[in-house]
>>> print(open('target-v2.cif').read())   # mmCIF, C-alpha atoms
data_data
loop_
_atom_site.label_atom_id
_atom_site.label_comp_id
_atom_site.auth_asym_id
_atom_site.auth_seq_id
_atom_site.Cartn_x
_atom_site.Cartn_y
_atom_site.Cartn_z
CA MET F 31 39.47 10.15 -0.95
CA LEU F 32 40.17 8.13 -4.09
CA ASP F 33 39.07 4.89 -2.45
CA GLN F 34 35.62 6.43 -1.85
CA LEU F 35 34.94 7.23 -5.52
CA GLU F 36 32.69 5.05 -7.65
CA GLN F 37 34.69 2.79 -9.97
CA LEU F 38 33.74 1.99 -13.55
CA ASP F 39 31.69 -1.20 -13.68
CA ARG F 40 32.92 -4.12 -15.72
CA PRO F 41 30.74 -7.03 -16.85
CA ASP F 42 30.89 -9.99 -14.49
CA ASP F 43 30.75 -13.32 -16.32
CA SER F 44 30.70 -15.44 -13.18
CA LEU F 45 26.93 -16.01 -13.40
CA ASP F 46 24.75 -17.02 -16.34
CA LEU F 47 22.85 -14.03 -17.73
CA LYS F 48 19.55 -15.96 -17.86
CA TYR F 49 19.92 -16.72 -14.16
CA VAL F 50 20.71 -13.07 -13.40
CA ARG F 51 17.63 -11.92 -15.31
CA LYS F 52 15.47 -14.26 -13.25
CA VAL F 53 16.89 -12.81 -10.06
CA PHE F 54 16.32 -9.31 -11.44
CA PHE F 55 12.70 -10.19 -12.23
CA VAL F 56 12.02 -11.62 -8.76
CA ALA F 57 13.67 -8.75 -6.89
CA LEU F 58 11.99 -6.03 -8.97
CA ASN F 59 8.50 -7.54 -8.80
CA CYS F 60 8.76 -8.25 -5.08
CA GLY F 61 9.55 -4.58 -4.58
CA LYS F 62 6.75 -3.48 -6.90
CA THR F 63 4.20 -5.66 -5.08
CA LEU F 64 5.30 -4.32 -1.70
CA MET F 65 5.14 -0.70 -2.86
CA GLU F 66 1.70 -1.09 -4.43
CA ASN F 67 0.22 -2.59 -1.29
CA GLY F 68 1.28 -0.22 1.47
CA ALA F 69 4.82 -1.19 2.49
CA GLU F 70 7.41 1.36 3.62
CA THR F 71 10.12 2.37 1.13
CA TYR F 72 12.97 1.24 3.39
CA ARG F 73 11.36 -2.20 3.64
CA VAL F 74 11.09 -2.36 -0.15
CA GLU F 75 14.72 -1.36 -0.66
CA ASP F 76 15.96 -3.80 1.97
CA THR F 77 13.90 -6.70 0.58
CA MET F 78 15.06 -6.16 -3.01
CA TYR F 79 18.69 -5.81 -1.96
CA ARG F 80 18.62 -8.93 0.22
CA ILE F 81 17.03 -11.05 -2.51
CA ALA F 82 19.58 -9.97 -5.11
CA THR F 83 22.62 -10.40 -2.87
CA TYR F 84 21.47 -13.79 -1.58
CA TYR F 85 21.39 -15.11 -5.14
CA GLY F 86 24.97 -13.98 -5.65
CA ILE F 87 24.48 -10.63 -7.38
CA GLU F 88 26.94 -7.98 -6.23
CA ASN F 89 27.02 -4.22 -6.83
CA VAL F 90 23.23 -3.88 -6.58
CA GLN F 91 21.70 -0.40 -6.40
CA VAL F 92 18.09 0.18 -5.35
CA PHE F 93 16.24 3.48 -5.22
CA VAL F 94 12.59 3.65 -4.15
CA THR F 95 10.09 6.47 -3.71
CA THR F 96 6.32 6.25 -3.39
CA THR F 97 5.94 6.56 -7.18
CA VAL F 98 9.15 5.08 -8.65
CA ILE F 99 11.35 2.01 -8.21
CA ILE F 100 14.80 1.87 -9.83
CA LEU F 101 16.81 -1.35 -9.68
CA SER F 102 20.28 -1.69 -11.17
CA MET F 103 22.64 -4.67 -11.30
CA ASN F 104 25.67 -2.78 -12.50
CA ASP F 105 28.01 -5.71 -13.11
CA TYR F 106 25.53 -7.10 -15.66
CA SER F 107 24.42 -3.79 -17.21
CA LEU F 108 20.83 -4.41 -16.07
CA SER F 109 18.72 -1.46 -14.97
CA GLN F 110 15.00 -0.76 -14.97
CA GLN F 111 12.69 1.94 -13.70
CA VAL F 112 9.10 1.09 -12.72
CA ARG F 113 6.35 3.63 -12.08
CA ILE F 114 3.99 2.95 -9.17
CA THR F 115 0.61 4.22 -10.35
CA GLU F 116 -1.67 2.32 -7.95
CA ARG F 117 -1.30 2.17 -4.17
CA ASN F 118 -3.55 0.16 -1.89
CA ASN F 119 -3.36 -1.11 1.68
CA ASN F 120 -3.42 -4.85 1.06
CA LEU F 121 -1.26 -5.95 3.98
CA GLU F 122 -1.87 -9.62 3.14
CA LYS F 123 0.32 -9.29 0.05
CA VAL F 124 2.93 -7.39 2.08
CA VAL F 125 3.06 -10.24 4.59
CA ASN F 126 3.26 -12.85 1.79
CA ILE F 127 6.16 -11.06 0.06
CA ASN F 128 7.98 -10.68 3.39
CA ASP F 129 7.51 -14.40 4.00
CA LEU F 130 8.77 -15.18 0.49
CA SER F 131 11.92 -13.07 1.03
CA ARG F 132 12.63 -14.91 4.28
CA ARG F 133 12.21 -18.25 2.53
CA ILE F 134 14.56 -17.09 -0.22
CA VAL F 135 17.36 -16.24 2.19
CA SER F 136 16.68 -19.57 3.93
CA GLY F 137 17.48 -21.52 0.77
CA LEU F 138 14.57 -21.27 -1.71
CA ASN F 139 15.91 -21.65 -5.25
CA ILE F 140 15.16 -19.12 -7.97
CA GLU F 141 12.75 -21.35 -9.91
CA ASP F 142 10.56 -21.96 -6.86
CA ALA F 143 10.75 -18.25 -6.01
CA LEU F 144 9.34 -17.43 -9.45
CA ILE F 145 6.44 -19.82 -8.87
CA GLU F 146 5.68 -18.41 -5.42
CA LEU F 147 5.84 -14.83 -6.72
CA LYS F 148 3.32 -15.70 -9.46
CA LYS F 149 0.95 -17.16 -6.85
CA ILE F 150 1.15 -14.02 -4.72
CA SER F 151 0.61 -11.78 -7.75
CA ASP F 152 -2.44 -13.78 -8.86
CA SER F 153 -4.06 -13.84 -5.41
CA LYS F 154 -7.41 -12.09 -5.39
CA ILE F 155 -8.38 -9.16 -3.19
CA PHE F 156 -11.35 -9.51 -0.90
CA PRO F 157 -14.73 -9.36 -2.71
CA MET F 158 -16.62 -6.07 -2.63
CA TRP F 159 -19.49 -7.37 -0.48
CA LEU F 160 -17.10 -8.56 2.21
CA MET F 161 -15.23 -5.25 2.34
CA VAL F 162 -18.49 -3.30 2.53
CA MET F 163 -19.88 -5.53 5.28
CA PHE F 164 -16.77 -5.31 7.44
CA GLY F 165 -16.57 -1.58 6.79
CA GLY F 166 -20.02 -1.29 8.34
CA ILE F 167 -19.01 -3.53 11.24
CA ALA F 168 -15.85 -1.48 11.84
CA GLY F 169 -17.88 1.73 11.94
CA SER F 170 -20.30 0.16 14.42
CA MET F 171 -17.47 -0.96 16.67
CA PHE F 172 -16.00 2.54 16.65
CA LEU F 173 -19.39 3.89 17.72
CA MET F 174 -19.36 1.56 20.72
CA MET F 175 -15.76 2.53 21.51
CA PHE F 176 -16.75 6.22 21.47
CA GLY F 177 -19.60 5.51 23.89
CA GLY F 178 -22.45 5.93 21.41
CA PRO F 179 -25.96 4.62 22.13
CA ILE F 180 -27.04 1.16 20.96
CA GLN F 181 -29.88 2.60 18.91
CA ASP F 182 -27.36 4.29 16.59
CA LEU F 183 -25.63 1.03 15.64
CA ALA F 184 -27.84 0.31 12.62
CA VAL F 185 -27.49 3.82 11.24
CA THR F 186 -23.72 3.76 11.74
CA PHE F 187 -23.47 0.38 10.00
CA ILE F 188 -25.39 1.69 6.97
CA ALA F 189 -23.40 4.95 6.81
CA ALA F 190 -19.97 3.28 7.20
CA ALA F 191 -20.84 0.52 4.70
CA THR F 192 -21.98 3.15 2.19
CA GLY F 193 -18.72 5.07 2.60
CA VAL F 194 -16.63 1.96 1.97
CA PHE F 195 -18.82 0.97 -0.97
CA ILE F 196 -18.31 4.37 -2.62
CA THR F 197 -14.54 4.50 -2.07
CA GLU F 198 -13.84 0.91 -3.09
CA GLY F 199 -16.34 0.91 -5.94
CA ILE F 200 -15.30 4.14 -7.62
CA GLN F 201 -11.55 3.70 -7.06
CA ARG F 202 -11.64 0.50 -9.09
CA TYR F 203 -12.44 2.63 -12.13
CA THR F 204 -10.60 5.89 -11.44
CA SER F 205 -7.38 6.99 -9.73
CA ILE F 206 -8.78 10.33 -8.49
CA LYS F 207 -8.98 9.51 -4.80
CA PHE F 208 -9.70 13.02 -3.46
CA PHE F 209 -13.13 13.42 -5.05
CA THR F 210 -14.04 9.82 -4.21
CA GLU F 211 -13.31 10.44 -0.54
CA VAL F 212 -15.23 13.74 -0.58
CA LEU F 213 -18.26 11.94 -2.03
CA ALA F 214 -18.00 9.09 0.50
CA ALA F 215 -17.79 11.47 3.48
CA LEU F 216 -20.64 13.57 2.05
CA MET F 217 -22.88 10.50 1.79
CA ILE F 218 -22.00 9.41 5.32
CA ALA F 219 -22.93 12.81 6.75
CA LEU F 220 -26.09 12.92 4.63
CA ILE F 221 -27.25 9.49 5.82
CA ALA F 222 -26.54 10.41 9.45
CA ASN F 223 -28.53 13.64 9.21
CA ILE F 224 -31.46 11.98 7.40
CA TYR F 225 -31.81 9.13 9.88
CA VAL F 226 -31.42 11.37 12.91
CA GLY F 227 -34.00 13.72 11.39
CA LEU F 228 -36.39 10.78 11.03
CA GLY F 229 -35.88 9.86 14.68
CA ILE F 230 -34.12 6.55 13.92
CA GLY F 231 -30.75 7.83 15.13
CA SER F 232 -29.99 10.09 18.08
CA ASN F 233 -26.42 11.46 17.96
CA VAL F 234 -25.47 12.70 14.50
CA ASP F 235 -21.93 13.69 15.54
CA LEU F 236 -20.97 10.26 16.89
CA ILE F 237 -22.55 8.51 13.92
CA ILE F 238 -20.49 10.56 11.48
CA ILE F 239 -17.26 10.26 13.46
CA ALA F 240 -17.59 6.49 13.79
CA SER F 241 -18.66 6.01 10.16
CA VAL F 242 -15.71 7.90 8.65
CA MET F 243 -13.15 5.95 10.67
CA PRO F 244 -12.82 3.19 8.00
CA LEU F 245 -11.85 5.97 5.57
CA VAL F 246 -9.16 7.48 7.81
CA PRO F 247 -5.68 6.86 6.30
CA GLY F 248 -4.17 5.09 9.32
CA VAL F 249 -1.58 3.06 7.39
CA PRO F 250 -0.24 6.02 5.32
CA ILE F 251 0.04 8.20 8.46
CA THR F 252 1.93 5.47 10.33
CA ASN F 253 4.19 4.76 7.35
CA ALA F 254 4.92 8.47 6.87
CA LEU F 255 6.15 8.75 10.46
CA ARG F 256 8.22 5.58 10.18
CA GLU F 257 9.78 6.78 6.91
CA ILE F 258 10.79 10.11 8.45
CA ILE F 259 12.20 8.41 11.55
CA ARG F 260 14.29 6.12 9.32
CA GLY F 261 15.61 9.12 7.38
CA HIS F 262 13.56 8.67 4.19
CA PHE F 263 12.35 12.25 4.22
CA LEU F 264 11.15 12.38 0.60
CA ALA F 265 8.96 9.28 0.91
CA GLY F 266 7.76 10.28 4.38
CA THR F 267 6.76 13.75 3.20
CA MET F 268 4.94 12.39 0.15
CA LYS F 269 2.99 9.87 2.20
CA GLY F 270 2.22 12.49 4.82
CA VAL F 271 0.84 14.85 2.15
CA GLU F 272 -1.26 12.02 0.68
CA ALA F 273 -2.71 11.22 4.12
CA GLY F 274 -3.33 14.91 4.76
CA LEU F 275 -5.27 15.26 1.50
CA THR F 276 -7.45 12.31 2.51
CA ALA F 277 -8.18 13.97 5.85
CA VAL F 278 -9.04 17.23 4.06
CA ALA F 279 -11.35 15.34 1.69
CA ILE F 280 -13.20 13.69 4.57
CA GLY F 281 -13.58 17.01 6.36
CA ALA F 282 -14.75 18.73 3.16
CA GLY F 283 -17.42 16.10 2.48
CA VAL F 284 -18.83 16.30 6.00
CA GLY F 285 -18.56 20.09 6.00
CA ILE F 286 -20.57 20.46 2.79
CA VAL F 287 -23.50 18.61 4.35
CA PHE F 288 -23.44 20.68 7.53
CA VAL F 289 -23.34 23.88 5.49
CA LEU F 290 -26.35 22.76 3.44
CA VAL F 291 -28.30 21.46 6.45
CA GLY F 292 -27.42 24.21 8.90
#
>>> encode(input="target-v2.cif", output="structure tokens")
Amino acid sequence: MLDQLEQLDRPDDSLDLKYVRKVFFVALNCGKTLMENGAETYRVEDTMYRIATYYGIENVQVFVTTTVIILSMNDYSLSQQVRITERNNNLEKVVNINDLSRRIVSGLNIEDALIELKKISDSKIFPMWLMVMFGGIAGSMFLMMFGGPIQDLAVTFIAAATGVFITEGIQRYTSIKFFTEVLAALMIALIANIYVGLGIGSNVDLIIIASVMPLVPGVPITNALREIIRGHFLAGTMKGVEAGLTAVAIGAGVGIVFVLVG
């Protein structure tokens, strides 16, 4: 049993401390970027560990949840905890960080890794108008997939675009997602009922269902299941609860309108 106990760590002078700090910076910020943009916790832990060990750092400990990242390089007495306060679903940044980690283990030196990490961090998200437009298009495509009539396409586009505009617009200024999603779903249901009442639309149910689809937390639900399957029960449960609250918010917003109208 003694060989399984943790040993006291002693400083390792085999690497320059400035070099180690650069590796620490790259590994920690790669993990932070992944976590903030929708990656799974096991992917974050694996990426950070691989980066550190490739650059020659041994005795690396990584702990990641949906709200906290802890990275320790015990041989060099380096440890830092980072809070994750913002979480989006920007899979472009996830792909770019994954590509950077593969390039690192293929021979990219630490100085070039720092430059590439800065480029990824400074990359801009899609402009608001583009997200709103494609939110409307996505809603319209869901209407067609559900077998809705052609005449409801315009109404669905407007309703879905409005929902995306509200969620993306308000969430840039506040972190209270639940009420933002309730308001977005409420506006979608209100628009659907108004246009159907005016005779412009025909099937209020399909319009609402198709329009709220861009708001449905598909990535968090998928990640929650993958986390649980991989044994990360804490992260999987937290992501599952977050996705469940979003679903409740959407249902509450639509329900409020039907209560008022009916």
>>> resolve_selection(input="target-v2.cif", expression="the PyMOL selection byres ((chain F and resi 52) around 12)", output="count of residues only")
27
>>> residues_around(input="target-v2.cif", residues="Ala273 of chain F", least_positions_apart="3", cutoff="12 Å", atoms="all atoms listed in the file", output="PyMOL selection string")
chain F and resi 207-208+211+245-255+266-270+276-280
>>> residues_around(input="target-v2.cif", residues="Thr96 of chain F", least_positions_apart="3", cutoff="9 Å", atoms="all atoms listed in the file", output="number ranges by chain")
F: 65-66, 70-71, 99, 114, 117, 264-266, 268-269
>>> axis_aligned_box(input="target-v2.cif", around="segment 110-117 of chain F", padding_each_side="4 Å", output="JSON")
{"center_x": 6.7, "center_y": 1.7, "center_z": -9.6, "size_x": 24.7, "size_y": 13.0, "size_z": 18.8}
>>> residues_around(input="target-v2.cif", residues="Ile127 of chain F", least_positions_apart="3", cutoff="12 Å", atoms="only C-alpha atoms", output="PDB file with C-alpha atoms, in the frame of the given file")
ATOM      1  CA  VAL F  56      12.020 -11.620  -8.760  1.00  0.00           C
ATOM      2  CA  ALA F  57      13.670  -8.750  -6.890  1.00  0.00           C
ATOM      3  CA  LEU F  58      11.990  -6.030  -8.970  1.00  0.00           C
ATOM      4  CA  ASN F  59       8.500  -7.540  -8.800  1.00  0.00           C
ATOM      5  CA  CYS F  60       8.760  -8.250  -5.080  1.00  0.00           C
ATOM      6  CA  GLY F  61       9.550  -4.580  -4.580  1.00  0.00           C
ATOM      7  CA  LYS F  62       6.750  -3.480  -6.900  1.00  0.00           C
ATOM      8  CA  THR F  63       4.200  -5.660  -5.080  1.00  0.00           C
ATOM      9  CA  LEU F  64       5.300  -4.320  -1.700  1.00  0.00           C
ATOM     10  CA  MET F  65       5.140  -0.700  -2.860  1.00  0.00           C
ATOM     11  CA  GLU F  66       1.700  -1.090  -4.430  1.00  0.00           C
ATOM     12  CA  ASN F  67       0.220  -2.590  -1.290  1.00  0.00           C
ATOM     13  CA  GLY F  68       1.280  -0.220   1.470  1.00  0.00           C
ATOM     14  CA  ALA F  69       4.820  -1.190   2.490  1.00  0.00           C
ATOM     15  CA  ARG F  73      11.360  -2.200   3.640  1.00  0.00           C
ATOM     16  CA  VAL F  74      11.090  -2.360  -0.150  1.00  0.00           C
ATOM     17  CA  THR F  77      13.900  -6.700   0.580  1.00  0.00           C
ATOM     18  CA  MET F  78      15.060  -6.160  -3.010  1.00  0.00           C
ATOM     19  CA  ILE F  81      17.030 -11.050  -2.510  1.00  0.00           C
ATOM     20  CA  ASN F 120      -3.420  -4.850   1.060  1.00  0.00           C
ATOM     21  CA  LEU F 121      -1.260  -5.950   3.980  1.00  0.00           C
ATOM     22  CA  GLU F 122      -1.870  -9.620   3.140  1.00  0.00           C
ATOM     23  CA  LYS F 123       0.320  -9.290   0.050  1.00  0.00           C
ATOM     24  CA  VAL F 124       2.930  -7.390   2.080  1.00  0.00           C
ATOM     25  CA  LEU F 130       8.770 -15.180   0.490  1.00  0.00           C
ATOM     26  CA  SER F 131      11.920 -13.070   1.030  1.00  0.00           C
ATOM     27  CA  ARG F 132      12.630 -14.910   4.280  1.00  0.00           C
ATOM     28  CA  ARG F 133      12.210 -18.250   2.530  1.00  0.00           C
ATOM     29  CA  ILE F 134      14.560 -17.090  -0.220  1.00  0.00           C
ATOM     30  CA  ALA F 143      10.750 -18.250  -6.010  1.00  0.00           C
ATOM     31  CA  LEU F 144       9.340 -17.430  -9.450  1.00  0.00           C
ATOM     32  CA  GLU F 146       5.680 -18.410  -5.420  1.00  0.00           C
ATOM     33  CA  LEU F 147       5.840 -14.830  -6.720  1.00  0.00           C
ATOM     34  CA  LYS F 148       3.320 -15.700  -9.460  1.00  0.00           C
ATOM     35  CA  LYS F 149       0.950 -17.160  -6.850  1.00  0.00           C
ATOM     36  CA  ILE F 150       1.150 -14.020  -4.720  1.00  0.00           C
ATOM     37  CA  SER F 151       0.610 -11.780  -7.750  1.00  0.00           C
ATOM     38  CA  SER F 153      -4.060 -13.840  -5.410  1.00  0.00           C
TER      39      SER F 153
END
>>> closest_residue(input="target-v2.cif", among="F:Lys154, F:Ala168, F:Asn89, F:Asn118", to="Asn104 of chain F", atoms="only C-alpha atoms")
F:Asn89
>>> closest_residue(input="target-v2.cif", among="F:Ala215, F:Ala222, F:Leu290, F:Val112", to="Thr95 of chain F", atoms="all atoms listed in the file")
F:Val112
>>> residues_around(input="target-v2.cif", residues="Arg260 of chain F", least_positions_apart="3", cutoff="8 Å", atoms="all atoms listed in the file", output="list in words")
Tyr72, Arg256 and Glu257 of chain F
>>> atom_distance(input="target-v2.cif", atom1="atom CA of Met163 of chain F", atom2="atom CA of Gly177 of chain F")
21.6 Å
>>> atom_distance(input="target-v2.cif", atom1="atom CA of Thr97 of chain F", atom2="atom CA of Arg113 of chain F")
5.7 Å
>>> atom_distance(input="target-v2.cif", atom1="atom CA of Gly86 of chain F", atom2="atom CA of His262 of chain F")
27.2 Å
>>> closest_residue(input="target-v2.cif", among="F:Ala190, F:Val135, F:Leu101, F:Ile200", to="Arg80 of chain F", atoms="only C-alpha atoms")
F:Val135
>>> residues_near_point(input="target-v2.cif", point="(-20.5, 3.3, 20.7)", cutoff="12 Å", atoms="all atoms listed in the file", output="PyMOL selection string")
chain F and resi 167-187+232-233+235-241
>>> closest_residue(input="target-v2.cif", among="F:Ile230, F:Gln111, F:Ile258, F:Met217", to="Ala282 of chain F", atoms="all atoms listed in the file")
F:Met217
>>> closest_residue(input="target-v2.cif", among="F:Asn128, F:Ala189, F:Asp152, F:Phe164", to="Asn223 of chain F", atoms="all atoms listed in the file")
F:Ala189
>>> closest_residue(input="target-v2.cif", among="F:Leu228, F:Ile206, F:Val92, F:Val162", to="Glu116 of chain F", atoms="all atoms listed in the file")
F:Ile206
>>> build_atoms(input="target-v2.cif", residues="segment 159-170 of chain F", atoms="all heavy atoms", output="PDB file, in the frame of the given file")
ATOM      1  N   TRP F 159     -18.468  -7.229  -1.510  1.00  0.00           N
ATOM      2  CA  TRP F 159     -19.490  -7.370  -0.480  1.00  0.00           C
ATOM      3  C   TRP F 159     -18.873  -7.578   0.901  1.00  0.00           C
ATOM      4  O   TRP F 159     -19.384  -7.072   1.906  1.00  0.00           O
ATOM      5  CB  TRP F 159     -20.447  -8.512  -0.812  1.00  0.00           C
ATOM      6  CG  TRP F 159     -19.829  -9.883  -0.771  1.00  0.00           C
ATOM      7  CD1 TRP F 159     -19.274 -10.574  -1.798  1.00  0.00           C
ATOM      8  CD2 TRP F 159     -19.698 -10.725   0.383  1.00  0.00           C
ATOM      9  NE1 TRP F 159     -18.798 -11.792  -1.379  1.00  0.00           N
ATOM     10  CE2 TRP F 159     -19.052 -11.914  -0.049  1.00  0.00           C
ATOM     11  CE3 TRP F 159     -20.056 -10.603   1.715  1.00  0.00           C
ATOM     12  CZ2 TRP F 159     -18.766 -12.965   0.824  1.00  0.00           C
ATOM     13  CZ3 TRP F 159     -19.771 -11.647   2.590  1.00  0.00           C
ATOM     14  CH2 TRP F 159     -19.135 -12.805   2.144  1.00  0.00           C
ATOM     15  N   LEU F 160     -17.754  -8.293   0.932  1.00  0.00           N
ATOM     16  CA  LEU F 160     -17.100  -8.560   2.210  1.00  0.00           C
ATOM     17  C   LEU F 160     -16.462  -7.283   2.768  1.00  0.00           C
ATOM     18  O   LEU F 160     -16.549  -7.005   3.975  1.00  0.00           O
ATOM     19  CB  LEU F 160     -16.048  -9.650   2.031  1.00  0.00           C
ATOM     20  CG  LEU F 160     -15.412 -10.209   3.309  1.00  0.00           C
ATOM     21  CD1 LEU F 160     -16.466 -10.888   4.181  1.00  0.00           C
ATOM     22  CD2 LEU F 160     -14.299 -11.193   2.972  1.00  0.00           C
ATOM     23  N   MET F 161     -15.847  -6.498   1.893  1.00  0.00           N
ATOM     24  CA  MET F 161     -15.230  -5.250   2.340  1.00  0.00           C
ATOM     25  C   MET F 161     -16.287  -4.270   2.829  1.00  0.00           C
ATOM     26  O   MET F 161     -16.094  -3.574   3.833  1.00  0.00           O
ATOM     27  CB  MET F 161     -14.423  -4.646   1.187  1.00  0.00           C
ATOM     28  CG  MET F 161     -13.285  -5.525   0.713  1.00  0.00           C
ATOM     29  SD  MET F 161     -12.385  -4.836  -0.686  1.00  0.00           S
ATOM     30  CE  MET F 161     -11.548  -3.469   0.082  1.00  0.00           C
ATOM     31  N   VAL F 162     -17.412  -4.208   2.122  1.00  0.00           N
ATOM     32  CA  VAL F 162     -18.490  -3.300   2.530  1.00  0.00           C
ATOM     33  C   VAL F 162     -19.076  -3.735   3.873  1.00  0.00           C
ATOM     34  O   VAL F 162     -19.305  -2.904   4.767  1.00  0.00           O
ATOM     35  CB  VAL F 162     -19.593  -3.264   1.448  1.00  0.00           C
ATOM     36  CG1 VAL F 162     -20.827  -2.522   1.950  1.00  0.00           C
ATOM     37  CG2 VAL F 162     -19.061  -2.601   0.176  1.00  0.00           C
ATOM     38  N   MET F 163     -19.301  -5.037   4.038  1.00  0.00           N
ATOM     39  CA  MET F 163     -19.880  -5.530   5.280  1.00  0.00           C
ATOM     40  C   MET F 163     -18.970  -5.246   6.468  1.00  0.00           C
ATOM     41  O   MET F 163     -19.415  -4.738   7.510  1.00  0.00           O
ATOM     42  CB  MET F 163     -20.140  -7.036   5.172  1.00  0.00           C
ATOM     43  CG  MET F 163     -20.809  -7.630   6.426  1.00  0.00           C
ATOM     44  SD  MET F 163     -21.090  -9.402   6.303  1.00  0.00           S
ATOM     45  CE  MET F 163     -19.414 -10.020   6.448  1.00  0.00           C
ATOM     46  N   PHE F 164     -17.683  -5.536   6.312  1.00  0.00           N
ATOM     47  CA  PHE F 164     -16.770  -5.310   7.440  1.00  0.00           C
ATOM     48  C   PHE F 164     -16.471  -3.829   7.643  1.00  0.00           C
ATOM     49  O   PHE F 164     -16.102  -3.419   8.735  1.00  0.00           O
ATOM     50  CB  PHE F 164     -15.494  -6.119   7.254  1.00  0.00           C
ATOM     51  CG  PHE F 164     -15.625  -7.539   7.709  1.00  0.00           C
ATOM     52  CD1 PHE F 164     -15.933  -8.552   6.815  1.00  0.00           C
ATOM     53  CD2 PHE F 164     -15.484  -7.865   9.051  1.00  0.00           C
ATOM     54  CE1 PHE F 164     -16.084  -9.857   7.243  1.00  0.00           C
ATOM     55  CE2 PHE F 164     -15.632  -9.176   9.489  1.00  0.00           C
ATOM     56  CZ  PHE F 164     -15.927 -10.171   8.584  1.00  0.00           C
ATOM     57  N   GLY F 165     -16.644  -3.021   6.596  1.00  0.00           N
ATOM     58  CA  GLY F 165     -16.570  -1.580   6.790  1.00  0.00           C
ATOM     59  C   GLY F 165     -17.680  -1.102   7.696  1.00  0.00           C
ATOM     60  O   GLY F 165     -17.461  -0.273   8.598  1.00  0.00           O
ATOM     61  N   GLY F 166     -18.892  -1.627   7.470  1.00  0.00           N
ATOM     62  CA  GLY F 166     -20.020  -1.290   8.340  1.00  0.00           C
ATOM     63  C   GLY F 166     -19.802  -1.786   9.762  1.00  0.00           C
ATOM     64  O   GLY F 166     -20.112  -1.079  10.734  1.00  0.00           O
ATOM     65  N   ILE F 167     -19.272  -2.991   9.904  1.00  0.00           N
ATOM     66  CA  ILE F 167     -19.010  -3.530  11.240  1.00  0.00           C
ATOM     67  C   ILE F 167     -17.955  -2.694  11.955  1.00  0.00           C
ATOM     68  O   ILE F 167     -18.076  -2.401  13.151  1.00  0.00           O
ATOM     69  CB  ILE F 167     -18.562  -5.006  11.138  1.00  0.00           C
ATOM     70  CG1 ILE F 167     -19.720  -5.882  10.645  1.00  0.00           C
ATOM     71  CG2 ILE F 167     -18.055  -5.518  12.485  1.00  0.00           C
ATOM     72  CD1 ILE F 167     -19.331  -7.317  10.375  1.00  0.00           C
ATOM     73  N   ALA F 168     -16.895  -2.306  11.227  1.00  0.00           N
ATOM     74  CA  ALA F 168     -15.850  -1.480  11.840  1.00  0.00           C
ATOM     75  C   ALA F 168     -16.411  -0.159  12.341  1.00  0.00           C
ATOM     76  O   ALA F 168     -16.104   0.284  13.455  1.00  0.00           O
ATOM     77  CB  ALA F 168     -14.733  -1.226  10.824  1.00  0.00           C
ATOM     78  N   GLY F 169     -17.255   0.481  11.520  1.00  0.00           N
ATOM     79  CA  GLY F 169     -17.880   1.730  11.940  1.00  0.00           C
ATOM     80  C   GLY F 169     -18.720   1.545  13.185  1.00  0.00           C
ATOM     81  O   GLY F 169     -18.696   2.374  14.108  1.00  0.00           O
ATOM     82  N   SER F 170     -19.467   0.442  13.246  1.00  0.00           N
ATOM     83  CA  SER F 170     -20.300   0.160  14.420  1.00  0.00           C
ATOM     84  C   SER F 170     -19.464  -0.049  15.666  1.00  0.00           C
ATOM     85  O   SER F 170     -19.827   0.399  16.764  1.00  0.00           O
ATOM     86  CB  SER F 170     -21.171  -1.080  14.150  1.00  0.00           C
ATOM     87  OG  SER F 170     -21.992  -0.889  13.015  1.00  0.00           O
TER      88      SER F 170
END
